[in-house]
Amino acid sequence: MAMPCTWASWSLAMGSLCSRFTRSKGGYDVHDGATCTTYVRVTGGGDNGRGVAEYVSPDDITAATCSSAVGGNVNCGTGAAVTHSAGSNFLIYWDADESRELENGPSITKASGGTLLSATGCSGNNGTKNTPTLTADLLGDWREELVLRESSNTALRVYTTTDVTTRRIYTLMHDPTYRAQVAFEQSGYNQPPHAGFHIGAGMADPPKPDIHVK
Ligand SMILES: [Ca+2]
Ligand SMILES: [Ca+2]
């Protein structure tokens, strides 16, 4: 039975986009979130396990998407091939730039190459999905923390970046869209959370959160 799954939703400079795939028919498509205009459609390939879309390179201000079944690495707006893959597992804001890094099991890498973190003694979950226990902005500034289980299942570790950045963003948990997505990271088809505003190279200053404390 076909099982539509929300794949990712996020805001881009070109407008709000949403993307989804259909489990039994494979493929995926990318739409304008406001008008449903189709930007990219890839068909076939059978069961599409998962995919992500994100700004992963400061040298390319367009978003890349990648699925685990078909489609490869393409620009979300045009479908043209892009140089740096967004991977198909998790994503994380980790180093100083606004582009997001790739998170896969116990490691963090740059899309352009290079390992930023290798958590020896820790493991991911869910087989090839290799999901972390949690990624979320839990501590410090807007960069995300990485929670992993030790391979012995006797402890959890929380990793946080030590890179200094000049980019200032209100903590991501102040953003209702991001906060909700962190919740479904653990209760739905676990894929990385996205903020409700654009984060990436050339970004505008982020909106001030509309938070009221009584
Ligand atoms: Ca980064
Ligand atoms: Ca943080």
# chains A, B, ... in the order shown; residues from 1 in each chain; ligands from 1

call {"tool": "residues_near_ligand", "arguments": {"ligand": "ligand 1", "cutoff": "12 Å", "atoms": "only C-alpha atoms and all ligand atoms", "output": "ChimeraX atom specification"}}
result
/A:54-59,91-103,108-112,116,142-144,161,163-167,199-201

call {"tool": "write_last_selection", "arguments": {"atoms": "C-alpha atoms", "output": "PDB file, in the first residue's frame"}}
result
ATOM      1  CA  GLU A  54      19.398  21.230   2.842  1.00  0.00           C
ATOM      2  CA  TYR A  55      21.922  23.972   2.196  1.00  0.00           C
ATOM      3  CA  VAL A  56      25.140  22.054   2.728  1.00  0.00           C
ATOM      4  CA  SER A  57      27.778  24.194   1.015  1.00  0.00           C
ATOM      5  CA  PRO A  58      28.665  27.867   1.571  1.00  0.00           C
ATOM      6  CA  ASP A  59      29.880  27.855  -2.052  1.00  0.00           C
ATOM      7  CA  LEU A  91      21.987  16.809   9.177  1.00  0.00           C
ATOM      8  CA  ILE A  92      23.400  19.052  11.904  1.00  0.00           C
ATOM      9  CA  TYR A  93      24.514  22.680  12.389  1.00  0.00           C
ATOM     10  CA  TRP A  94      27.979  22.188  13.823  1.00  0.00           C
ATOM     11  CA  ASP A  95      30.804  24.422  12.590  1.00  0.00           C
ATOM     12  CA  ALA A  96      31.032  28.222  12.217  1.00  0.00           C
ATOM     13  CA  ASP A  97      29.321  28.662   8.843  1.00  0.00           C
ATOM     14  CA  GLU A  98      25.572  28.660   8.275  1.00  0.00           C
ATOM     15  CA  SER A  99      25.605  25.676   5.934  1.00  0.00           C
ATOM     16  CA  ARG A 100      24.580  22.429   7.543  1.00  0.00           C
ATOM     17  CA  GLU A 101      26.871  19.463   8.066  1.00  0.00           C
ATOM     18  CA  LEU A 102      26.089  15.791   7.427  1.00  0.00           C
ATOM     19  CA  GLU A 103      25.442  13.566  10.432  1.00  0.00           C
ATOM     20  CA  ILE A 108      29.834  14.439  11.436  1.00  0.00           C
ATOM     21  CA  THR A 109      31.313  15.374   8.064  1.00  0.00           C
ATOM     22  CA  LYS A 110      31.393  18.386   5.744  1.00  0.00           C
ATOM     23  CA  ALA A 111      29.560  17.954   2.459  1.00  0.00           C
ATOM     24  CA  SER A 112      32.718  19.169   0.755  1.00  0.00           C
ATOM     25  CA  LEU A 116      34.531  17.046  12.019  1.00  0.00           C
ATOM     26  CA  TRP A 142      22.065  27.852  17.790  1.00  0.00           C
ATOM     27  CA  ARG A 143      24.390  25.064  16.695  1.00  0.00           C
ATOM     28  CA  GLU A 144      22.902  21.653  17.376  1.00  0.00           C
ATOM     29  CA  THR A 161      30.593  22.092  19.016  1.00  0.00           C
ATOM     30  CA  ASP A 163      33.809  26.145  16.968  1.00  0.00           C
ATOM     31  CA  VAL A 164      33.325  29.883  17.417  1.00  0.00           C
ATOM     32  CA  THR A 165      30.948  31.610  15.005  1.00  0.00           C
ATOM     33  CA  THR A 166      30.150  35.224  14.245  1.00  0.00           C
ATOM     34  CA  ARG A 167      26.636  34.289  13.079  1.00  0.00           C
ATOM     35  CA  ILE A 199      19.508  29.310   7.519  1.00  0.00           C
ATOM     36  CA  GLY A 200      22.323  29.203   4.991  1.00  0.00           C
ATOM     37  CA  ALA A 201      25.029  31.208   3.240  1.00  0.00           C
TER      38      ALA A 201
END

call {"tool": "residues_near_ligand", "arguments": {"ligand": "ligand 2", "cutoff": "8 Å", "atoms": "only C-alpha atoms and all ligand atoms", "output": "list in words"}}
result
Ala136, Asp137, Leu138, Leu139, Gly140, Asp141, Trp142, Arg143, Glu144, Glu145, Thr160, Thr161, Thr171 and Leu172 of chain A

call {"tool": "closest_residue", "arguments": {"among": "A:Tyr189, A:Thr120, A:Asn126, A:Ile169", "to": "Ser152 of chain A", "atoms": "only C-alpha atoms"}}
result
A:Thr120

call {"tool": "closest_residue", "arguments": {"among": "A:Gly114, A:Gly87, A:His31, A:Thr135", "to": "Phe184 of chain A", "atoms": "only C-alpha atoms"}}
result
A:Thr135

call {"tool": "atom_distance", "arguments": {"atom1": "atom CA of Ser187 of chain A", "atom2": "atom CA of Gly121 of chain A"}}
result
25.7 Å

call {"tool": "select_by_dssp", "arguments": {"residues": "chain A", "states": "strand (DSSP E or B)", "output": "short mmCIF file (atom, residue, chain, number, x, y, z; two decimals) with N, CA and C atoms, in the first residue's frame"}}
result
data_model
loop_
_atom_site.label_atom_id
_atom_site.label_comp_id
_atom_site.auth_asym_id
_atom_site.auth_seq_id
_atom_site.Cartn_x
_atom_site.Cartn_y
_atom_site.Cartn_z
N PRO A 4 2.24 7.74 1.77
CA PRO A 4 2.89 9.04 1.64
C PRO A 4 3.54 9.44 2.96
N CYS A 5 4.72 9.95 2.89
CA CYS A 5 5.43 10.39 4.08
C CYS A 5 5.93 11.81 3.87
N THR A 6 5.75 12.65 4.89
CA THR A 6 6.38 13.96 4.82
C THR A 6 7.88 13.77 4.88
N TRP A 7 8.55 14.37 3.97
CA TRP A 7 9.98 14.14 3.83
C TRP A 7 10.78 15.25 4.51
N ALA A 8 10.42 16.46 4.16
CA ALA A 8 11.08 17.60 4.79
C ALA A 8 10.30 18.84 4.42
N SER A 9 10.30 19.81 5.26
CA SER A 9 9.72 21.10 4.89
C SER A 9 10.61 22.17 5.49
N TRP A 10 10.80 23.22 4.76
CA TRP A 10 11.73 24.23 5.21
C TRP A 10 11.52 25.47 4.37
N SER A 11 12.15 26.56 4.74
CA SER A 11 12.02 27.79 3.99
C SER A 11 13.30 28.06 3.22
N LEU A 12 13.15 28.45 1.99
CA LEU A 12 14.29 28.76 1.15
C LEU A 12 14.16 30.19 0.65
N GLY A 15 11.38 30.71 -1.62
CA GLY A 15 10.04 30.51 -1.11
C GLY A 15 9.95 29.22 -0.34
N SER A 16 8.82 29.01 0.24
CA SER A 16 8.63 27.81 1.04
C SER A 16 8.49 26.59 0.16
N LEU A 17 9.20 25.54 0.49
CA LEU A 17 9.15 24.30 -0.28
C LEU A 17 8.71 23.16 0.61
N CYS A 18 8.09 22.18 0.02
CA CYS A 18 7.87 20.94 0.74
C CYS A 18 8.20 19.79 -0.19
N SER A 19 8.52 18.68 0.37
CA SER A 19 8.93 17.54 -0.44
C SER A 19 8.42 16.27 0.20
N ARG A 20 8.12 15.29 -0.61
CA ARG A 20 7.65 14.04 -0.04
C ARG A 20 7.97 12.91 -1.00
N PHE A 21 7.89 11.70 -0.50
CA PHE A 21 8.04 10.55 -1.36
C PHE A 21 6.94 9.55 -1.05
N THR A 22 6.70 8.67 -1.96
CA THR A 22 5.71 7.63 -1.76
C THR A 22 6.43 6.30 -1.64
N GLY A 26 8.32 4.62 -4.95
CA GLY A 26 9.64 5.21 -5.09
C GLY A 26 9.58 6.65 -5.57
N GLY A 27 10.78 7.18 -5.86
CA GLY A 27 10.87 8.54 -6.34
C GLY A 27 10.54 9.59 -5.29
N TYR A 28 10.53 10.82 -5.72
CA TYR A 28 10.17 11.91 -4.83
C TYR A 28 9.87 13.14 -5.66
N ASP A 29 9.26 14.15 -5.02
CA ASP A 29 9.04 15.39 -5.72
C ASP A 29 9.22 16.56 -4.75
N VAL A 30 9.49 17.73 -5.34
CA VAL A 30 9.69 18.95 -4.56
C VAL A 30 8.72 20.00 -5.08
N HIS A 31 7.97 20.60 -4.17
CA HIS A 31 6.93 21.56 -4.55
C HIS A 31 7.12 22.89 -3.83
N ASP A 32 6.57 23.94 -4.44
CA ASP A 32 6.41 25.21 -3.75
C ASP A 32 5.35 25.01 -2.68
N THR A 38 5.34 22.26 -8.99
CA THR A 38 6.36 21.23 -8.91
C THR A 38 7.69 21.77 -9.43
N TYR A 39 8.71 21.70 -8.60
CA TYR A 39 10.06 22.08 -9.01
C TYR A 39 10.82 20.88 -9.55
N VAL A 40 10.73 19.77 -8.85
CA VAL A 40 11.49 18.57 -9.22
C VAL A 40 10.60 17.35 -9.05
N ARG A 41 10.62 16.44 -10.02
CA ARG A 41 9.90 15.18 -9.85
C ARG A 41 10.77 14.06 -10.37
N VAL A 42 11.00 13.08 -9.52
CA VAL A 42 11.79 11.90 -9.89
C VAL A 42 10.91 10.69 -9.65
N GLY A 44 10.07 6.33 -10.00
CA GLY A 44 10.67 5.00 -10.06
C GLY A 44 11.65 4.74 -8.94
N GLY A 51 15.34 10.43 2.49
CA GLY A 51 16.06 11.47 1.77
C GLY A 51 16.06 12.75 2.58
N VAL A 52 16.90 13.67 2.20
CA VAL A 52 16.94 14.97 2.87
C VAL A 52 17.18 16.07 1.84
N ALA A 53 16.93 17.28 2.25
CA ALA A 53 17.24 18.45 1.43
C ALA A 53 17.74 19.54 2.36
N GLU A 54 18.82 20.23 1.95
CA GLU A 54 19.40 21.23 2.84
C GLU A 54 20.45 22.03 2.09
N SER A 57 26.50 23.63 1.45
CA SER A 57 27.78 24.19 1.02
C SER A 57 27.71 25.71 0.97
N ASP A 60 27.59 27.19 -2.52
CA ASP A 60 26.41 27.01 -3.35
C ASP A 60 25.20 27.37 -2.51
N ALA A 64 20.49 21.47 -1.87
CA ALA A 64 20.68 20.17 -2.51
C ALA A 64 19.73 19.17 -1.88
N THR A 65 19.29 18.21 -2.67
CA THR A 65 18.46 17.15 -2.15
C THR A 65 19.06 15.82 -2.55
N CYS A 66 18.83 14.83 -1.76
CA CYS A 66 19.34 13.51 -2.11
C CYS A 66 18.41 12.47 -1.52
N SER A 67 18.11 11.43 -2.29
CA SER A 67 17.31 10.32 -1.79
C SER A 67 18.14 9.06 -1.82
N ASN A 73 22.00 13.61 -6.35
CA ASN A 73 22.14 14.92 -5.72
C ASN A 73 21.71 15.98 -6.70
N VAL A 74 20.61 16.65 -6.43
CA VAL A 74 20.12 17.65 -7.36
C VAL A 74 19.73 18.92 -6.63
N ASN A 75 19.70 20.01 -7.40
CA ASN A 75 19.23 21.30 -6.91
C ASN A 75 17.73 21.22 -6.68
N ALA A 81 22.09 18.73 -11.50
CA ALA A 81 23.05 18.07 -10.61
C ALA A 81 23.83 19.10 -9.81
N PHE A 90 21.11 12.01 8.50
CA PHE A 90 20.82 13.20 9.29
C PHE A 90 21.68 14.39 8.88
N LEU A 91 21.29 15.55 9.40
CA LEU A 91 21.99 16.81 9.18
C LEU A 91 22.18 17.48 10.53
N ILE A 92 23.18 18.37 10.62
CA ILE A 92 23.40 19.05 11.90
C ILE A 92 24.15 20.37 11.67
N GLU A 101 25.96 20.59 8.24
CA GLU A 101 26.87 19.46 8.07
C GLU A 101 26.06 18.15 7.99
N LEU A 102 26.73 17.10 7.54
CA LEU A 102 26.09 15.79 7.43
C LEU A 102 26.36 14.98 8.69
N GLU A 103 25.30 14.39 9.23
CA GLU A 103 25.44 13.57 10.43
C GLU A 103 24.99 12.15 10.08
N ASN A 104 25.83 11.19 10.42
CA ASN A 104 25.54 9.80 10.05
C ASN A 104 26.08 8.90 11.16
N SER A 107 29.23 10.01 13.46
CA SER A 107 30.19 10.91 12.82
C SER A 107 29.51 12.11 12.17
N ILE A 108 30.28 13.21 12.10
CA ILE A 108 29.83 14.44 11.44
C ILE A 108 30.87 14.78 10.38
N THR A 109 30.41 15.04 9.16
CA THR A 109 31.31 15.37 8.06
C THR A 109 30.82 16.62 7.34
N THR A 115 36.17 15.05 8.04
CA THR A 115 35.42 14.61 9.22
C THR A 115 35.59 15.62 10.35
N LEU A 116 34.49 16.07 10.93
CA LEU A 116 34.53 17.05 12.02
C LEU A 116 34.41 16.38 13.38
N LEU A 117 33.73 15.24 13.43
CA LEU A 117 33.59 14.52 14.69
C LEU A 117 33.47 13.03 14.40
N SER A 118 34.20 12.24 15.15
CA SER A 118 34.06 10.79 15.08
C SER A 118 33.97 10.29 16.51
N CYS A 122 30.63 5.02 20.27
CA CYS A 122 29.19 5.26 20.15
C CYS A 122 28.67 4.65 18.85
N SER A 123 27.36 4.43 18.81
CA SER A 123 26.73 3.82 17.65
C SER A 123 25.45 4.54 17.30
N ASN A 125 21.51 4.08 15.25
CA ASN A 125 20.38 3.16 15.45
C ASN A 125 19.70 2.88 14.10
N THR A 131 20.55 6.34 12.53
CA THR A 131 20.11 7.58 13.16
C THR A 131 20.78 7.78 14.52
N LEU A 134 19.49 11.58 19.22
CA LEU A 134 18.78 12.85 19.04
C LEU A 134 19.76 13.89 18.50
N THR A 135 19.27 14.74 17.61
CA THR A 135 19.95 16.00 17.31
C THR A 135 18.97 17.11 17.61
N ALA A 136 19.44 18.14 18.32
CA ALA A 136 18.59 19.28 18.65
C ALA A 136 19.47 20.37 19.24
N GLU A 145 23.28 20.15 19.20
CA GLU A 145 23.98 19.14 19.97
C GLU A 145 23.64 17.75 19.40
N LEU A 146 24.56 16.83 19.62
CA LEU A 146 24.40 15.46 19.13
C LEU A 146 24.37 14.51 20.33
N VAL A 147 23.26 13.80 20.48
CA VAL A 147 23.12 12.81 21.56
C VAL A 147 23.28 11.43 20.95
N LEU A 148 24.20 10.65 21.50
CA LEU A 148 24.48 9.30 20.99
C LEU A 148 24.46 8.31 22.15
N ARG A 149 24.14 7.07 21.82
CA ARG A 149 24.27 6.00 22.81
C ARG A 149 25.66 5.39 22.69
N GLU A 150 26.22 5.00 23.83
CA GLU A 150 27.45 4.23 23.76
C GLU A 150 27.13 2.85 23.20
N LEU A 156 24.55 7.48 27.70
CA LEU A 156 24.34 8.44 26.62
C LEU A 156 25.43 9.49 26.67
N ARG A 157 25.85 9.96 25.53
CA ARG A 157 26.80 11.07 25.48
C ARG A 157 26.15 12.24 24.73
N VAL A 158 26.45 13.46 25.17
CA VAL A 158 25.98 14.66 24.49
C VAL A 158 27.20 15.41 23.99
N TYR A 159 27.28 15.57 22.68
CA TYR A 159 28.39 16.30 22.05
C TYR A 159 27.91 17.68 21.64
#

call {"tool": "residues_around", "arguments": {"residues": "segment 173-180 of chain A", "least_positions_apart": "3", "cutoff": "7 Å", "atoms": "only C-alpha atoms", "output": "compact mmCIF listing (two decimals) with N, CA and C atoms, in the first residue's frame"}}
result
# COMPACT_ATOMS: atom_id res chain seq x y z
N ASP A 137 18.99 21.61 19.15
CA ASP A 137 19.68 22.71 19.82
C ASP A 137 19.29 22.69 21.29
N TYR A 170 18.84 33.38 17.24
CA TYR A 170 18.16 32.98 18.47
C TYR A 170 18.19 31.46 18.56
N ALA A 183 10.33 17.21 18.14
CA ALA A 183 9.43 16.25 18.78
C ALA A 183 9.14 15.07 17.85
N PHE A 184 8.88 15.34 16.57
CA PHE A 184 8.55 14.21 15.70
C PHE A 184 9.80 13.47 15.23
N PRO A 193 15.38 17.69 11.97
CA PRO A 193 14.46 18.82 12.05
C PRO A 193 14.95 20.00 11.21
N HIS A 194 13.98 20.84 10.81
CA HIS A 194 14.29 22.05 10.04
C HIS A 194 13.66 23.25 10.73
N ALA A 195 14.34 24.40 10.65
CA ALA A 195 13.79 25.64 11.19
C ALA A 195 12.72 26.19 10.26
N GLY A 196 11.89 27.07 10.77
CA GLY A 196 10.84 27.67 9.98
C GLY A 196 11.29 28.90 9.21
N PRO A 209 12.08 35.75 17.76
CA PRO A 209 10.99 34.84 18.14
C PRO A 209 9.88 35.58 18.86

call {"tool": "select_by_dssp", "arguments": {"residues": "chain A", "states": "helix (DSSP H, G or I)", "output": "MDAnalysis selection string"}}
result
chainID A and resid 127:129 172:174 176:185

call {"tool": "atom_distance", "arguments": {"atom1": "atom CA of Gln191 of chain A", "atom2": "atom CA of Asp47 of chain A"}}
result
16.5 Å
